[in-house]
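Shown next: target_2.csv, containing CSV, C-alpha atoms.
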chain,number,residue,atom,x,y,z
A,23,MET,CA,-52.8,125.2,259.4
A,24,TYR,CA,-55.7,126.4,261.4
A,25,CYS,CA,-57.4,124.6,264.2
A,26,PRO,CA,-61.0,123.6,263.4
A,27,ASP,CA,-62.6,126.2,265.6
A,28,ASN,CA,-60.3,129.1,265.0
A,29,GLY,CA,-59.3,130.9,261.8
A,30,ARG,CA,-60.1,130.4,258.1
A,31,ALA,CA,-60.1,127.0,256.4
A,32,SER,CA,-57.1,126.4,254.1
A,33,ILE,CA,-57.6,126.7,250.3
A,34,ASP,CA,-56.7,123.9,248.0
A,35,PRO,CA,-53.8,125.3,245.7
A,36,ALA,CA,-55.6,123.8,242.6
A,37,LEU,CA,-58.7,125.8,243.5
A,38,PHE,CA,-56.7,129.0,244.0
A,39,PHE,CA,-55.1,128.7,240.6
A,40,ARG,CA,-58.4,127.9,238.9
A,41,MET,CA,-59.8,131.0,240.5
A,42,GLN,CA,-56.8,133.0,239.3
A,43,ILE,CA,-57.2,131.7,235.7
A,44,ILE,CA,-60.9,132.8,235.7
A,45,GLY,CA,-59.8,136.2,237.0
A,46,TYR,CA,-57.1,136.5,234.3
A,47,LEU,CA,-59.3,135.3,231.4
A,48,TYR,CA,-62.2,137.5,232.3
A,49,GLY,CA,-60.3,140.6,233.5
A,50,ILE,CA,-61.5,140.4,237.1
A,51,LYS,CA,-58.9,142.4,239.0
A,52,SER,CA,-60.5,142.4,242.5
A,53,ASP,CA,-60.3,139.3,244.7
A,54,ARG,CA,-63.6,140.3,246.3
A,55,LYS,CA,-65.3,140.6,242.8
A,56,LEU,CA,-63.7,137.3,241.7
A,57,CYS,CA,-65.2,135.5,244.7
A,58,GLU,CA,-68.6,137.1,244.1
A,59,ASP,CA,-68.6,136.2,240.4
A,60,ILE,CA,-67.5,132.6,241.0
A,61,ASN,CA,-70.1,132.2,243.7
A,62,LEU,CA,-72.9,133.4,241.2
A,63,ASN,CA,-71.7,131.9,237.9
A,64,LEU,CA,-72.4,128.1,237.5
A,65,ALA,CA,-69.8,127.8,234.8
A,66,TYR,CA,-67.1,129.3,237.0
A,67,ARG,CA,-68.1,127.0,239.9
A,68,TRP,CA,-67.9,124.0,237.5
A,69,PHE,CA,-64.4,125.0,236.4
A,70,CYS,CA,-63.3,125.5,240.0
A,71,LYS,CA,-64.9,122.1,240.9
A,72,LEU,CA,-67.1,123.7,243.5
A,73,ASN,CA,-70.6,122.2,244.2
A,74,LEU,CA,-73.5,124.5,244.9
A,75,GLY,CA,-73.3,123.9,248.6
A,76,ASP,CA,-69.5,124.4,248.8
A,77,GLN,CA,-68.3,127.5,250.7
A,78,MET,CA,-66.4,130.1,248.7
A,79,PRO,CA,-62.9,130.9,249.9
A,80,ASP,CA,-62.5,134.3,251.6
A,81,HIS,CA,-61.2,137.0,249.3
A,82,ALA,CA,-58.6,138.0,251.9
A,83,SER,CA,-57.1,134.5,251.8
A,84,LEU,CA,-56.6,134.8,248.0
A,85,THR,CA,-54.5,138.0,248.5
A,86,ARG,CA,-52.5,136.4,251.3
A,87,ILE,CA,-51.8,133.3,249.1
A,88,ARG,CA,-50.6,135.5,246.2
A,89,GLN,CA,-48.3,137.4,248.6
A,90,ARG,CA,-46.8,134.2,249.9
A,91,PHE,CA,-46.2,132.7,246.5
A,92,ARG,CA,-44.5,135.9,245.3
A,93,GLU,CA,-44.8,137.0,241.7
A,94,GLN,CA,-42.1,134.8,240.3
A,95,THR,CA,-43.5,131.5,241.6
A,96,PHE,CA,-47.0,132.6,240.6
A,97,GLN,CA,-45.8,133.4,237.1
A,98,ARG,CA,-44.0,130.0,236.7
A,99,VAL,CA,-47.0,128.0,237.8
A,100,PHE,CA,-49.3,130.0,235.5
A,101,GLU,CA,-46.9,129.6,232.5
A,102,HIS,CA,-46.8,125.8,233.3
A,103,CYS,CA,-50.6,125.7,233.1
A,104,ILE,CA,-50.6,127.4,229.7
A,105,ASP,CA,-47.8,125.1,228.4
A,106,GLN,CA,-50.0,122.1,229.4
A,107,TRP,CA,-53.0,123.6,227.5
A,108,VAL,CA,-50.8,124.1,224.4
A,109,GLU,CA,-49.6,120.4,224.7
A,110,ALA,CA,-53.2,119.2,225.1
A,111,GLY,CA,-54.3,121.2,222.0
A,112,PHE,CA,-56.6,123.6,223.9
A,113,VAL,CA,-54.5,126.6,222.8
A,114,THR,CA,-53.0,126.7,219.4
A,115,GLY,CA,-52.2,130.4,218.9
A,116,LYS,CA,-53.6,130.2,215.3
A,117,LYS,CA,-56.7,132.2,215.9
A,118,LEU,CA,-57.0,135.8,216.9
A,119,ILE,CA,-60.2,137.0,218.5
A,120,LEU,CA,-60.9,140.8,218.8
A,121,ASP,CA,-63.4,142.7,220.8
A,122,ALA,CA,-65.4,144.9,218.5
A,123,SER,CA,-67.0,147.1,221.1
A,124,LEU,CA,-67.9,150.6,220.1
A,125,VAL,CA,-65.9,153.5,221.5
A,126,ASP,CA,-66.9,157.1,221.3
A,127,ALA,CA,-64.4,159.0,219.1
A,128,ASN,CA,-62.7,162.1,220.3
A,129,ASP,CA,-63.7,164.3,217.3
A,130,SER,CA,-66.1,167.0,216.4
A,131,ILE,CA,-68.7,167.5,213.7
A,132,GLU,CA,-66.9,170.7,212.5
A,133,SER,CA,-63.7,168.8,211.6
A,134,MET,CA,-65.4,166.2,209.3
A,135,VAL,CA,-64.8,166.4,205.6
A,136,GLU,CA,-67.1,165.0,203.0
A,137,ARG,CA,-65.5,162.3,200.9
A,138,PRO,CA,-66.0,162.8,197.2
A,139,ASP,CA,-67.1,159.6,195.4
A,140,GLY,CA,-64.4,157.7,193.4
A,141,ASP,CA,-61.3,159.5,194.7
A,142,PRO,CA,-60.0,157.9,198.0
A,143,ASP,CA,-57.1,160.4,198.1
A,144,ALA,CA,-59.4,163.4,197.9
A,145,VAL,CA,-60.0,163.4,201.7
A,146,GLY,CA,-56.3,163.8,202.4
A,147,LYS,CA,-56.0,166.5,199.8
A,148,ALA,CA,-59.0,168.4,201.3
A,149,LEU,CA,-57.5,168.2,204.8
A,150,VAL,CA,-54.2,169.6,203.5
A,151,GLN,CA,-56.0,172.5,201.8
A,152,GLN,CA,-57.8,173.5,205.0

Whole structure given in structure tokens:
Amino acid sequence: MYCPDNGRASIDPALFFRMQIIGYLYGIKSDRKLCEDINLNLAYRWFCKLNLGDQMPDHASLTRIRQRFREQTFQRVFEHCIDQWVEAGFVTGKKLILDASLVDANDSIESMVERPDGDPDAVGKALVQQ
């Protein structure tokens, strides 16, 4: 515990885990970036139960809390949260969502083979002949 005029304010454990869930779900690896995104995104603030005037926790405090919990404790609490979501029906595991982002292929124009119409195996045969 800190005295009122010295050190950082403590962070509610529920707020800490809400912030970690956002970081996990949205792939935010940096505590500094996580605090910045939560500060700017109203949906994130709503999920964390932070009002517009509420002060964001310091990013260094998040790192320290994670170090104090150790990985095993953090993992158990996180799994317990997911179990509760499954029991409440928020997570069913029946749908699969994929990201369909475009990625540049590592190929060259010279290696491309024209596909003859009507014969799907012709491409493989043409590659073997080259």

May I ask which of the residues A:Glu101, A:Glu109, A:Asp129, A:Asp80 is the closest one to Asp53 of chain A, counting only C-alpha atoms?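 Checking each candidate against Asp53 of chain A, we get A:Asp80 as the closest.
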
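The space separating atom CA of Lys71 of chain A from atom CA of Phe38 of chain A comes to 11.2 Å.
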
May I have the residues within 12 Å of Asp59 of chain A as an mmCIF file with C-alpha atoms, in the frame of the given file, using all atoms listed in the file and disregarding those fewer than 6 positions away in the same chain?
data_model
loop_
_atom_site.group_PDB
_atom_site.id
_atom_site.type_symbol
_atom_site.label_atom_id
_atom_site.label_comp_id
_atom_site.auth_asym_id
_atom_site.auth_seq_id
_atom_site.Cartn_x
_atom_site.Cartn_y
_atom_site.Cartn_z
ATOM 1 C CA MET A 41 -59.800 131.000 240.500
ATOM 2 C CA ILE A 44 -60.900 132.800 235.700
ATOM 3 C CA GLY A 45 -59.800 136.200 237.000
ATOM 4 C CA TYR A 48 -62.200 137.500 232.300
ATOM 5 C CA GLY A 49 -60.300 140.600 233.500
ATOM 6 C CA ILE A 50 -61.500 140.400 237.100
ATOM 7 C CA LYS A 51 -58.900 142.400 239.000
ATOM 8 C CA SER A 52 -60.500 142.400 242.500
ATOM 9 C CA ASP A 53 -60.300 139.300 244.700
ATOM 10 C CA ALA A 65 -69.800 127.800 234.800
ATOM 11 C CA TYR A 66 -67.100 129.300 237.000
ATOM 12 C CA ARG A 67 -68.100 127.000 239.900
ATOM 13 C CA CYS A 70 -63.300 125.500 240.000
ATOM 14 C CA MET A 78 -66.400 130.100 248.700
ATOM 15 C CA HIS A 81 -61.200 137.000 249.300
#

Using only C-alpha atoms for the distances, tell me which of A:Phe112, A:Phe100, A:Asp34, A:Gln94 is nearest to Tyr46 of chain A.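 Result for the nearest residue to Tyr46 of chain A: A:Phe100.
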
When you draw a straight line from atom CA of Ser32 of chain A to atom CA of Asn63 of chain A, how long is it in Å? 22.5 Å

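When atom CA of Phe96 of chain A is paired with atom CA of Leu74 of chain A, their separation reads 28.0 Å.
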
Incomplete segment 108-124 of chain A brought to N, CA and C atoms, written out as a short mmCIF file (atom, residue, chain, number, x, y, z; two decimals), in the coordinates of the input:
data_model
loop_
_atom_site.label_atom_id
_atom_site.label_comp_id
_atom_site.auth_asym_id
_atom_site.auth_seq_id
_atom_site.Cartn_x
_atom_site.Cartn_y
_atom_site.Cartn_z
N VAL A 108 -51.33 124.11 225.79
CA VAL A 108 -50.80 124.10 224.40
C VAL A 108 -50.54 122.61 224.05
N GLU A 109 -49.90 121.83 224.94
CA GLU A 109 -49.60 120.40 224.70
C GLU A 109 -50.88 119.61 224.47
N ALA A 110 -51.92 119.93 225.21
CA ALA A 110 -53.20 119.20 225.10
C ALA A 110 -54.00 119.64 223.88
N GLY A 111 -53.57 120.71 223.21
CA GLY A 111 -54.30 121.20 222.00
C GLY A 111 -55.41 122.14 222.29
N PHE A 112 -55.54 122.60 223.54
CA PHE A 112 -56.60 123.60 223.90
C PHE A 112 -56.26 124.96 223.36
N VAL A 113 -54.97 125.26 223.28
CA VAL A 113 -54.50 126.60 222.80
C VAL A 113 -53.54 126.33 221.68
N THR A 114 -53.85 126.92 220.52
CA THR A 114 -53.00 126.70 219.40
C THR A 114 -52.25 127.98 218.95
N GLY A 115 -52.81 129.13 219.28
CA GLY A 115 -52.20 130.40 218.90
C GLY A 115 -52.43 130.71 217.41
N LYS A 116 -53.33 129.98 216.76
CA LYS A 116 -53.60 130.20 215.30
C LYS A 116 -54.77 131.10 215.08
N LYS A 117 -55.59 131.37 216.09
CA LYS A 117 -56.70 132.20 215.90
C LYS A 117 -56.59 133.46 216.76
N LEU A 118 -57.07 134.55 216.22
CA LEU A 118 -57.00 135.80 216.90
C LEU A 118 -58.46 136.31 217.07
N ILE A 119 -58.87 136.57 218.29
CA ILE A 119 -60.20 137.00 218.50
C ILE A 119 -60.13 138.47 219.05
N LEU A 120 -60.88 139.36 218.43
CA LEU A 120 -60.90 140.80 218.80
C LEU A 120 -62.20 141.17 219.38
N ASP A 121 -62.16 142.11 220.27
CA ASP A 121 -63.40 142.70 220.80
C ASP A 121 -63.77 143.85 219.90
N ALA A 122 -64.97 143.82 219.38
CA ALA A 122 -65.40 144.90 218.50
C ALA A 122 -66.39 145.81 219.15
N SER A 123 -66.09 146.19 220.37
CA SER A 123 -67.00 147.10 221.10
C SER A 123 -66.83 148.51 220.51
N LEU A 124 -67.93 149.25 220.57
CA LEU A 124 -67.90 150.60 220.10
C LEU A 124 -67.38 151.57 221.10
#
